[in-house]
$ cat upload_22.pdb   # PDB, N, CA and C atoms
ATOM      1  N   MET W  14     309.272  50.917 110.866
ATOM      2  CA  MET W  14     308.397  52.038 110.595
ATOM      3  C   MET W  14     308.616  52.448 109.133
ATOM      4  N   ARG W  15     307.513  52.621 108.415
ATOM      5  CA  ARG W  15     307.592  53.135 107.044
ATOM      6  C   ARG W  15     307.087  54.566 107.053
ATOM      7  N   ILE W  16     307.830  55.449 106.388
ATOM      8  CA  ILE W  16     307.472  56.869 106.375
ATOM      9  C   ILE W  16     307.431  57.353 104.933
ATOM     10  N   LYS W  17     306.365  58.076 104.595
ATOM     11  CA  LYS W  17     306.269  58.752 103.307
ATOM     12  C   LYS W  17     305.905  60.198 103.590
ATOM     13  N   ALA W  18     306.577  61.114 102.910
ATOM     14  CA  ALA W  18     306.304  62.539 103.114
ATOM     15  C   ALA W  18     306.234  63.249 101.776
ATOM     16  N   LYS W  19     305.252  64.138 101.658
ATOM     17  CA  LYS W  19     305.118  64.968 100.462
ATOM     18  C   LYS W  19     305.059  66.418 100.910
ATOM     19  N   LEU W  20     305.798  67.259 100.214
ATOM     20  CA  LEU W  20     305.827  68.681 100.519
ATOM     21  C   LEU W  20     305.177  69.430  99.364
ATOM     22  N   LYS W  21     304.175  70.234  99.684
ATOM     23  CA  LYS W  21     303.510  71.072  98.681
ATOM     24  C   LYS W  21     303.477  72.483  99.257
ATOM     25  N   GLY W  22     304.277  73.363  98.647
ATOM     26  CA  GLY W  22     304.427  74.700  99.224
ATOM     27  C   GLY W  22     305.160  74.562 100.547
ATOM     28  N   ASP W  23     304.531  75.041 101.630
ATOM     29  CA  ASP W  23     305.137  74.890 102.961
ATOM     30  C   ASP W  23     304.368  73.894 103.826
ATOM     31  N   VAL W  24     303.528  73.062 103.188
ATOM     32  CA  VAL W  24     302.714  72.077 103.913
ATOM     33  C   VAL W  24     303.231  70.673 103.616
ATOM     34  N   ALA W  25     303.611  69.959 104.675
ATOM     35  CA  ALA W  25     304.097  68.583 104.541
ATOM     36  C   ALA W  25     303.015  67.624 105.022
ATOM     37  N   THR W  26     302.710  66.635 104.192
ATOM     38  CA  THR W  26     301.813  65.553 104.582
ATOM     39  C   THR W  26     302.695  64.341 104.823
ATOM     40  N   VAL W  27     302.660  63.840 106.054
ATOM     41  CA  VAL W  27     303.535  62.738 106.443
ATOM     42  C   VAL W  27     302.672  61.553 106.854
ATOM     43  N   LYS W  28     303.000  60.391 106.280
ATOM     44  CA  LYS W  28     302.276  59.153 106.585
ATOM     45  C   LYS W  28     303.239  58.174 107.238
ATOM     46  N   LEU W  29     302.830  57.645 108.390
ATOM     47  CA  LEU W  29     303.632  56.677 109.137
ATOM     48  C   LEU W  29     302.891  55.352 109.214
ATOM     49  N   LEU W  30     303.581  54.265 108.954
ATOM     50  CA  LEU W  30     303.036  52.936 109.184
ATOM     51  C   LEU W  30     303.966  52.274 110.186
ATOM     52  N   ILE W  31     303.443  52.022 111.367
ATOM     53  CA  ILE W  31     304.248  51.441 112.441
ATOM     54  C   ILE W  31     304.004  49.941 112.463
ATOM     55  N   LYS W  32     305.054  49.171 112.264
ATOM     56  CA  LYS W  32     304.930  47.710 112.282
ATOM     57  C   LYS W  32     304.995  47.250 113.736
ATOM     58  N   HIS W  33     303.837  46.861 114.270
ATOM     59  CA  HIS W  33     303.738  46.463 115.673
ATOM     60  C   HIS W  33     302.528  45.557 115.848
ATOM     61  N   PRO W  34     302.634  44.482 116.654
ATOM     62  CA  PRO W  34     301.511  43.550 116.810
ATOM     63  C   PRO W  34     300.314  44.117 117.586
ATOM     64  N   MET W  35     300.527  45.119 118.418
ATOM     65  CA  MET W  35     299.455  45.773 119.171
ATOM     66  C   MET W  35     298.559  44.763 119.909
ATOM     67  N   GLU W  36     299.147  44.014 120.812
ATOM     68  CA  GLU W  36     298.392  43.037 121.611
ATOM     69  C   GLU W  36     297.677  43.731 122.765
ATOM     70  N   SER W  37     296.392  43.471 122.904
ATOM     71  CA  SER W  37     295.569  44.127 123.917
ATOM     72  C   SER W  37     295.675  43.488 125.296
ATOM     73  N   GLY W  38     296.144  42.245 125.352
ATOM     74  CA  GLY W  38     296.186  41.526 126.627
ATOM     75  C   GLY W  38     294.921  40.721 126.867
ATOM     76  N   ARG W  39     294.033  40.672 125.883
ATOM     77  CA  ARG W  39     292.771  39.931 126.012
ATOM     78  C   ARG W  39     292.703  38.703 125.118
ATOM     79  N   ARG W  40     293.583  38.633 124.123
ATOM     80  CA  ARG W  40     293.557  37.474 123.222
ATOM     81  C   ARG W  40     294.304  36.307 123.843
ATOM     82  N   LYS W  41     293.958  35.099 123.361
ATOM     83  CA  LYS W  41     294.632  33.889 123.832
ATOM     84  C   LYS W  41     295.344  33.221 122.665
ATOM     85  N   ASP W  42     296.436  32.525 123.001
ATOM     86  CA  ASP W  42     297.143  31.767 121.976
ATOM     87  C   ASP W  42     296.452  30.424 121.770
ATOM     88  N   GLU W  43     297.026  29.567 120.906
ATOM     89  CA  GLU W  43     296.406  28.272 120.608
ATOM     90  C   GLU W  43     296.290  27.363 121.816
ATOM     91  N   ALA W  44     297.169  27.542 122.806
ATOM     92  CA  ALA W  44     297.137  26.718 124.018
ATOM     93  C   ALA W  44     296.164  27.264 125.064
ATOM     94  N   GLY W  45     295.536  28.410 124.774
ATOM     95  CA  GLY W  45     294.582  28.993 125.714
ATOM     96  C   GLY W  45     295.192  29.964 126.708
ATOM     97  N   ASN W  46     296.477  30.261 126.554
ATOM     98  CA  ASN W  46     297.140  31.207 127.449
ATOM     99  C   ASN W  46     296.921  32.633 126.959
ATOM    100  N   VAL W  47     296.733  33.545 127.894
ATOM    101  CA  VAL W  47     296.543  34.953 127.537
ATOM    102  C   VAL W  47     297.849  35.522 126.999
ATOM    103  N   ILE W  48     297.762  36.193 125.841
ATOM    104  CA  ILE W  48     298.927  36.859 125.258
ATOM    105  C   ILE W  48     299.098  38.191 125.987
ATOM    106  N   PRO W  49     300.262  38.448 126.580
ATOM    107  CA  PRO W  49     300.467  39.691 127.341
ATOM    108  C   PRO W  49     300.241  40.945 126.506
ATOM    109  N   ALA W  50     299.741  41.972 127.147
ATOM    110  CA  ALA W  50     299.512  43.258 126.470
ATOM    111  C   ALA W  50     300.837  43.869 126.040
ATOM    112  N   LYS W  51     300.851  44.384 124.817
ATOM    113  CA  LYS W  51     302.017  45.085 124.283
ATOM    114  C   LYS W  51     301.508  45.927 123.133
ATOM    115  N   TYR W  52     301.483  47.242 123.328
ATOM    116  CA  TYR W  52     300.920  48.142 122.318
ATOM    117  C   TYR W  52     301.648  49.481 122.358
ATOM    118  N   VAL W  53     301.611  50.185 121.228
ATOM    119  CA  VAL W  53     302.250  51.494 121.123
ATOM    120  C   VAL W  53     301.472  52.479 121.996
ATOM    121  N   THR W  54     302.181  53.197 122.845
ATOM    122  CA  THR W  54     301.536  54.169 123.734
ATOM    123  C   THR W  54     301.741  55.607 123.269
ATOM    124  N   THR W  55     302.907  55.895 122.692
ATOM    125  CA  THR W  55     303.218  57.272 122.294
ATOM    126  C   THR W  55     304.008  57.297 120.989
ATOM    127  N   VAL W  56     303.640  58.228 120.118
ATOM    128  CA  VAL W  56     304.404  58.501 118.896
ATOM    129  C   VAL W  56     304.670  60.002 118.889
ATOM    130  N   THR W  57     305.934  60.391 118.710
ATOM    131  CA  THR W  57     306.273  61.811 118.680
ATOM    132  C   THR W  57     307.026  62.148 117.398
ATOM    133  N   GLY W  58     306.950  63.412 117.019
ATOM    134  CA  GLY W  58     307.690  63.931 115.877
ATOM    135  C   GLY W  58     308.389  65.220 116.262
ATOM    136  N   HIS W  59     309.646  65.349 115.860
ATOM    137  CA  HIS W  59     310.453  66.533 116.170
ATOM    138  C   HIS W  59     311.095  67.087 114.906
ATOM    139  N   VAL W  60     311.148  68.396 114.813
ATOM    140  CA  VAL W  60     311.879  69.087 113.749
ATOM    141  C   VAL W  60     312.861  70.021 114.444
ATOM    142  N   ALA W  61     314.128  69.862 114.139
ATOM    143  CA  ALA W  61     315.196  70.683 114.733
ATOM    144  C   ALA W  61     315.108  70.704 116.260
ATOM    145  N   GLY W  62     314.802  69.549 116.847
ATOM    146  CA  GLY W  62     314.745  69.435 118.299
ATOM    147  C   GLY W  62     313.453  69.879 118.942
ATOM    148  N   ALA W  63     312.559  70.524 118.185
ATOM    149  CA  ALA W  63     311.272  70.981 118.733
ATOM    150  C   ALA W  63     310.187  69.960 118.397
ATOM    151  N   GLN W  64     309.427  69.571 119.406
ATOM    152  CA  GLN W  64     308.342  68.616 119.183
ATOM    153  C   GLN W  64     307.232  69.283 118.388
ATOM    154  N   VAL W  65     306.823  68.636 117.264
ATOM    155  CA  VAL W  65     305.771  69.197 116.417
ATOM    156  C   VAL W  65     304.471  68.425 116.522
ATOM    157  N   PHE W  66     304.518  67.204 117.039
ATOM    158  CA  PHE W  66     303.283  66.480 117.324
ATOM    159  C   PHE W  66     303.533  65.326 118.282
ATOM    160  N   GLU W  67     302.441  64.894 118.923
ATOM    161  CA  GLU W  67     302.466  63.739 119.816
ATOM    162  C   GLU W  67     301.135  63.033 119.698
ATOM    163  N   VAL W  68     301.198  61.717 119.565
ATOM    164  CA  VAL W  68     300.001  60.884 119.509
ATOM    165  C   VAL W  68     300.080  59.916 120.677
ATOM    166  N   ASN W  69     298.997  59.823 121.446
ATOM    167  CA  ASN W  69     298.905  58.862 122.538
ATOM    168  C   ASN W  69     297.833  57.847 122.173
ATOM    169  N   SER W  70     298.166  56.562 122.294
ATOM    170  CA  SER W  70     297.206  55.524 121.938
ATOM    171  C   SER W  70     297.136  54.476 123.035
ATOM    172  N   GLY W  71     296.226  53.537 122.855
ATOM    173  CA  GLY W  71     296.036  52.498 123.855
ATOM    174  C   GLY W  71     295.879  51.136 123.206
ATOM    175  N   ALA W  72     295.423  50.179 123.990
ATOM    176  CA  ALA W  72     295.317  48.790 123.560
ATOM    177  C   ALA W  72     294.250  48.577 122.494
ATOM    178  N   GLY W  73     293.351  49.521 122.304
ATOM    179  CA  GLY W  73     292.266  49.360 121.338
ATOM    180  C   GLY W  73     292.647  49.671 119.905
ATOM    181  N   VAL W  74     293.880  50.067 119.649
ATOM    182  CA  VAL W  74     294.315  50.398 118.291
ATOM    183  C   VAL W  74     294.751  49.109 117.590
ATOM    184  N   SER W  75     294.417  48.994 116.304
ATOM    185  CA  SER W  75     294.696  47.773 115.559
ATOM    186  C   SER W  75     296.181  47.566 115.277
ATOM    187  N   LYS W  76     296.496  46.352 114.885
ATOM    188  CA  LYS W  76     297.848  45.950 114.509
ATOM    189  C   LYS W  76     298.373  46.858 113.393
ATOM    190  N   ASN W  77     299.670  47.163 113.429
ATOM    191  CA  ASN W  77     300.343  48.005 112.429
ATOM    192  C   ASN W  77     299.623  49.340 112.225
ATOM    193  N   PRO W  78     299.574  50.173 113.272
ATOM    194  CA  PRO W  78     298.833  51.433 113.168
ATOM    195  C   PRO W  78     299.383  52.382 112.101
ATOM    196  N   PHE W  79     298.459  53.113 111.477
ATOM    197  CA  PHE W  79     298.763  54.099 110.450
ATOM    198  C   PHE W  79     298.424  55.474 111.016
ATOM    199  N   ILE W  80     299.344  56.417 110.863
ATOM    200  CA  ILE W  80     299.136  57.784 111.343
ATOM    201  C   ILE W  80     299.485  58.730 110.210
ATOM    202  N   GLN W  81     298.638  59.727 109.993
ATOM    203  CA  GLN W  81     298.941  60.772 109.013
ATOM    204  C   GLN W  81     298.888  62.112 109.716
ATOM    205  N   VAL W  82     299.918  62.923 109.514
ATOM    206  CA  VAL W  82     299.954  64.263 110.090
ATOM    207  C   VAL W  82     300.240  65.276 108.994
ATOM    208  N   ILE W  83     299.701  66.464 109.161
ATOM    209  CA  ILE W  83     299.950  67.562 108.236
ATOM    210  C   ILE W  83     300.652  68.654 109.020
ATOM    211  N   LEU W  84     301.836  69.013 108.547
ATOM    212  CA  LEU W  84     302.667  70.006 109.234
ATOM    213  C   LEU W  84     302.825  71.226 108.336
ATOM    214  N   THR W  85     302.532  72.397 108.859
ATOM    215  CA  THR W  85     302.687  73.635 108.096
ATOM    216  C   THR W  85     304.012  74.311 108.441
ATOM    217  N   GLY W  86     304.421  75.229 107.604
ATOM    218  CA  GLY W  86     305.660  75.960 107.854
ATOM    219  C   GLY W  86     306.900  75.130 107.601
ATOM    220  N   ARG W  87     306.811  74.121 106.760
ATOM    221  CA  ARG W  87     307.946  73.248 106.471
ATOM    222  C   ARG W  87     308.607  73.671 105.171
ATOM    223  N   ALA W  88     309.849  73.227 104.974
ATOM    224  CA  ALA W  88     310.621  73.586 103.777
ATOM    225  C   ALA W  88     311.456  72.396 103.327
ATOM    226  N   ILE W  89     311.892  72.447 102.079
ATOM    227  CA  ILE W  89     312.777  71.411 101.552
ATOM    228  C   ILE W  89     314.004  71.319 102.462
ATOM    229  N   GLY W  90     314.382  70.099 102.808
ATOM    230  CA  GLY W  90     315.550  69.887 103.660
ATOM    231  C   GLY W  90     315.224  69.723 105.129
ATOM    232  N   ASP W  91     313.993  70.060 105.548
ATOM    233  CA  ASP W  91     313.618  69.846 106.952
ATOM    234  C   ASP W  91     313.667  68.354 107.256
ATOM    235  N   LYS W  92     314.287  67.995 108.365
ATOM    236  CA  LYS W  92     314.352  66.607 108.801
ATOM    237  C   LYS W  92     313.353  66.433 109.945
ATOM    238  N   ILE W  93     312.487  65.442 109.800
ATOM    239  CA  ILE W  93     311.491  65.154 110.833
ATOM    240  C   ILE W  93     311.878  63.827 111.474
ATOM    241  N   ASP W  94     312.113  63.852 112.785
ATOM    242  CA  ASP W  94     312.504  62.667 113.546
ATOM    243  C   ASP W  94     311.281  62.108 114.261
ATOM    244  N   PHE W  95     311.078  60.799 114.128
ATOM    245  CA  PHE W  95     309.939  60.133 114.751
ATOM    246  C   PHE W  95     310.426  59.113 115.759
ATOM    247  N   LYS W  96     309.624  58.921 116.802
ATOM    248  CA  LYS W  96     309.940  57.919 117.815
ATOM    249  C   LYS W  96     308.634  57.375 118.366
ATOM    250  N   TRP W  97     308.558  56.047 118.464
ATOM    251  CA  TRP W  97     307.422  55.468 119.176
ATOM    252  C   TRP W  97     307.924  54.675 120.364
ATOM    253  N   THR W  98     307.060  54.588 121.369
ATOM    254  CA  THR W  98     307.336  53.821 122.581
ATOM    255  C   THR W  98     306.139  52.927 122.826
ATOM    256  N   ASP W  99     306.393  51.668 123.241
ATOM    257  CA  ASP W  99     305.259  50.799 123.531
ATOM    258  C   ASP W  99     305.150  50.534 125.026
ATOM    259  N   SER W 100     304.121  49.787 125.395
ATOM    260  CA  SER W 100     303.816  49.555 126.807
ATOM    261  C   SER W 100     304.882  48.744 127.528
ATOM    262  N   SER W 101     305.762  48.066 126.796
ATOM    263  CA  SER W 101     306.845  47.316 127.431
ATOM    264  C   SER W 101     308.106  48.163 127.585
ATOM    265  N   GLY W 102     308.077  49.393 127.038
ATOM    266  CA  GLY W 102     309.243  50.271 127.104
ATOM    267  C   GLY W 102     310.111  50.227 125.855
ATOM    268  N   ALA W 103     309.780  49.337 124.907
ATOM    269  CA  ALA W 103     310.541  49.267 123.660
ATOM    270  C   ALA W 103     310.310  50.539 122.845
ATOM    271  N   THR W 104     311.324  50.942 122.093
ATOM    272  CA  THR W 104     311.207  52.147 121.265
ATOM    273  C   THR W 104     311.774  51.879 119.878
ATOM    274  N   GLU W 105     311.373  52.705 118.948
ATOM    275  CA  GLU W 105     311.964  52.685 117.613
ATOM    276  C   GLU W 105     312.001  54.125 117.120
ATOM    277  N   GLU W 106     313.077  54.460 116.430
ATOM    278  CA  GLU W 106     313.241  55.817 115.899
ATOM    279  C   GLU W 106     313.546  55.737 114.414
ATOM    280  N   ASP W 107     313.067  56.734 113.678
ATOM    281  CA  ASP W 107     313.339  56.850 112.249
ATOM    282  C   ASP W 107     313.146  58.312 111.868
ATOM    283  N   SER W 108     313.554  58.679 110.678
ATOM    284  CA  SER W 108     313.413  60.072 110.250
ATOM    285  C   SER W 108     313.199  60.135 108.751
ATOM    286  N   VAL W 109     312.740  61.314 108.306
ATOM    287  CA  VAL W 109     312.556  61.588 106.887
ATOM    288  C   VAL W 109     312.991  63.020 106.644
ATOM    289  N   THR W 110     313.618  63.246 105.503
ATOM    290  CA  THR W 110     314.002  64.599 105.091
ATOM    291  C   THR W 110     313.085  65.006 103.945
ATOM    292  N   LEU W 111     312.483  66.182 104.074
ATOM    293  CA  LEU W 111     311.533  66.652 103.061
ATOM    294  C   LEU W 111     312.253  67.014 101.778
ATOM    295  N   LYS W 112     311.649  66.596 100.658
ATOM    296  CA  LYS W 112     312.224  66.863  99.324
ATOM    297  C   LYS W 112     311.276  67.707  98.527
TER
END
$ encode --input "upload_22.pdb" --output "structure tokens"
Amino acid sequence: MRIKAKLKGDVATVKLLIKHPMESGRRKDEAGNVIPAKYVTTVTGHVAGAQVFEVNSGAGVSKNPFIQVILTGRAIGDKIDFKWTDSSGATEEDSVTLK
């Protein structure tokens, strides 16, 4: 996951790029076999343990999804923790501290 965050006043603009193949379960490989579905289902963000956003997605989202969120009431030093979960149960976590 790549994260970029900019703080202007008390407004943080956060951009996430999630590296994930996002397989819908409808494509076939070169041998003609169906590639199993595997896609990001949920992305969450927390500040100081409180959830500040949640995104729910499905198989129709493209490979390496990009998400941008704008959070108000933020300050220098706030740490934002991100977590995504996919349809197979795999997860990844990362964080950014506002500067």
$ resolve_selection --input "upload_22.pdb" --expression "the PyMOL selection byres ((chain W and resi 61-75) around 8)" --output "list of chain:residue names"
W:His33, W:Pro34, W:Met35, W:Glu36, W:Ser37, W:Gly38, W:Ala50, W:Lys51, W:Tyr52, W:Val53, W:Thr54, W:Thr55, W:Val56, W:Thr57, W:Gly58, W:His59, W:Val60, W:Lys76, W:Asn77, W:Pro78, W:Phe79, W:Leu84, W:Asp91, W:Lys92, W:Ile93, W:Asp94
$ closest_residue --input "upload_22.pdb" --among "W:Gly102, W:Ala25, W:Leu111, W:Lys32" --to "W:Val82" --atoms "only N, CA and C atoms"
W:Ala25
$ atom_distance --input "upload_22.pdb" --atom1 "atom C of W:Lys21" --atom2 "atom C of W:Trp97"
28.0 Å
$ resolve_selection --input "upload_22.pdb" --expression "the PyMOL selection byres ((chain W and resi 88) around 8)" --output "tab-separated table (two decimals) with N, CA and C atoms, in the frame of the given file"
chain	number	residue	atom	x	y	z
W	20	LEU	N	305.80	67.26	100.21
W	20	LEU	CA	305.83	68.68	100.52
W	20	LEU	C	305.18	69.43	99.36
W	22	GLY	N	304.28	73.36	98.65
W	22	GLY	CA	304.43	74.70	99.22
W	22	GLY	C	305.16	74.56	100.55
W	23	ASP	N	304.53	75.04	101.63
W	23	ASP	CA	305.14	74.89	102.96
W	23	ASP	C	304.37	73.89	103.83
W	24	VAL	N	303.53	73.06	103.19
W	24	VAL	CA	302.71	72.08	103.91
W	24	VAL	C	303.23	70.67	103.62
W	25	ALA	N	303.61	69.96	104.68
W	25	ALA	CA	304.10	68.58	104.54
W	25	ALA	C	303.02	67.62	105.02
W	85	THR	N	302.53	72.40	108.86
W	85	THR	CA	302.69	73.64	108.10
W	85	THR	C	304.01	74.31	108.44
W	86	GLY	N	304.42	75.23	107.60
W	86	GLY	CA	305.66	75.96	107.85
W	86	GLY	C	306.90	75.13	107.60
W	87	ARG	N	306.81	74.12	106.76
W	87	ARG	CA	307.95	73.25	106.47
W	87	ARG	C	308.61	73.67	105.17
W	89	ILE	N	311.89	72.45	102.08
W	89	ILE	CA	312.78	71.41	101.55
W	89	ILE	C	314.00	71.32	102.46
W	90	GLY	N	314.38	70.10	102.81
W	90	GLY	CA	315.55	69.89	103.66
W	90	GLY	C	315.22	69.72	105.13
W	91	ASP	N	313.99	70.06	105.55
W	91	ASP	CA	313.62	69.85	106.95
W	91	ASP	C	313.67	68.35	107.26
W	92	LYS	N	314.29	68.00	108.36
W	92	LYS	CA	314.35	66.61	108.80
W	92	LYS	C	313.35	66.43	109.94
W	110	THR	N	313.62	63.25	105.50
W	110	THR	CA	314.00	64.60	105.09
W	110	THR	C	313.08	65.01	103.94
W	111	LEU	N	312.48	66.18	104.07
W	111	LEU	CA	311.53	66.65	103.06
W	111	LEU	C	312.25	67.01	101.78
W	112	LYS	N	311.65	66.60	100.66
W	112	LYS	CA	312.22	66.86	99.32
W	112	LYS	C	311.28	67.71	98.53
$ residues_around --input "upload_22.pdb" --residues "W:Val27" --least-positions-apart "4" --cutoff "7 Å" --atoms "only C-alpha atoms" --output "PyMOL selection string"
chain W and resi 17-19+81-83
$ build_atoms --input "upload_22.pdb" --residues "stretch 48-58 of chain W" --atoms "all heavy atoms" --output "compact mmCIF listing (two decimals), in the frame of the given file"
# COMPACT_ATOMS: atom_id res chain seq x y z
N ILE W 48 297.76 36.19 125.84
CA ILE W 48 298.93 36.86 125.26
C ILE W 48 299.10 38.19 125.99
O ILE W 48 298.16 38.98 126.05
CB ILE W 48 298.73 37.09 123.74
CG1 ILE W 48 298.53 35.76 123.02
CG2 ILE W 48 299.90 37.87 123.17
CD1 ILE W 48 298.09 35.89 121.58
N PRO W 49 300.26 38.45 126.58
CA PRO W 49 300.47 39.69 127.34
C PRO W 49 300.24 40.94 126.51
O PRO W 49 300.53 40.97 125.31
CB PRO W 49 301.92 39.61 127.80
CG PRO W 49 302.33 38.19 127.62
CD PRO W 49 301.47 37.62 126.56
N ALA W 50 299.74 41.97 127.15
CA ALA W 50 299.51 43.26 126.47
C ALA W 50 300.84 43.87 126.04
O ALA W 50 301.82 43.85 126.79
CB ALA W 50 298.77 44.21 127.39
N LYS W 51 300.85 44.38 124.82
CA LYS W 51 302.02 45.08 124.28
C LYS W 51 301.51 45.93 123.13
O LYS W 51 301.14 45.40 122.09
CB LYS W 51 303.09 44.10 123.82
CG LYS W 51 304.37 44.78 123.38
CD LYS W 51 305.44 43.78 123.03
CE LYS W 51 306.71 44.48 122.59
NZ LYS W 51 307.75 43.54 122.21
N TYR W 52 301.48 47.24 123.33
CA TYR W 52 300.92 48.14 122.32
C TYR W 52 301.65 49.48 122.36
O TYR W 52 302.24 49.86 123.36
CB TYR W 52 299.42 48.35 122.54
CG TYR W 52 299.07 48.75 123.95
CD1 TYR W 52 299.04 50.08 124.32
CD2 TYR W 52 298.80 47.79 124.92
CE1 TYR W 52 298.74 50.46 125.61
CE2 TYR W 52 298.50 48.15 126.22
CZ TYR W 52 298.47 49.48 126.57
OH TYR W 52 298.19 49.84 127.85
N VAL W 53 301.61 50.18 121.23
CA VAL W 53 302.25 51.49 121.12
C VAL W 53 301.47 52.48 122.00
O VAL W 53 300.25 52.56 121.90
CB VAL W 53 302.30 51.98 119.66
CG1 VAL W 53 302.78 53.41 119.57
CG2 VAL W 53 303.18 51.07 118.82
N THR W 54 302.18 53.20 122.84
CA THR W 54 301.54 54.17 123.73
C THR W 54 301.74 55.61 123.27
O THR W 54 300.86 56.43 123.42
CB THR W 54 302.06 54.04 125.18
OG1 THR W 54 303.48 54.19 125.17
CG2 THR W 54 301.69 52.69 125.78
N THR W 55 302.91 55.90 122.69
CA THR W 55 303.22 57.27 122.29
C THR W 55 304.01 57.30 120.99
O THR W 55 304.92 56.49 120.80
CB THR W 55 304.06 57.97 123.38
OG1 THR W 55 303.41 57.86 124.64
CG2 THR W 55 304.26 59.44 123.07
N VAL W 56 303.64 58.23 120.12
CA VAL W 56 304.40 58.50 118.90
C VAL W 56 304.67 60.00 118.89
O VAL W 56 303.75 60.80 119.08
CB VAL W 56 303.62 58.12 117.62
CG1 VAL W 56 304.45 58.40 116.38
CG2 VAL W 56 303.17 56.67 117.67
N THR W 57 305.93 60.39 118.71
CA THR W 57 306.27 61.81 118.68
C THR W 57 307.03 62.15 117.40
O THR W 57 307.66 61.29 116.78
CB THR W 57 307.15 62.23 119.88
OG1 THR W 57 308.33 61.43 119.88
CG2 THR W 57 306.41 62.07 121.20
N GLY W 58 306.95 63.41 117.02
CA GLY W 58 307.69 63.93 115.88
C GLY W 58 308.39 65.22 116.26
O GLY W 58 307.81 66.06 116.95
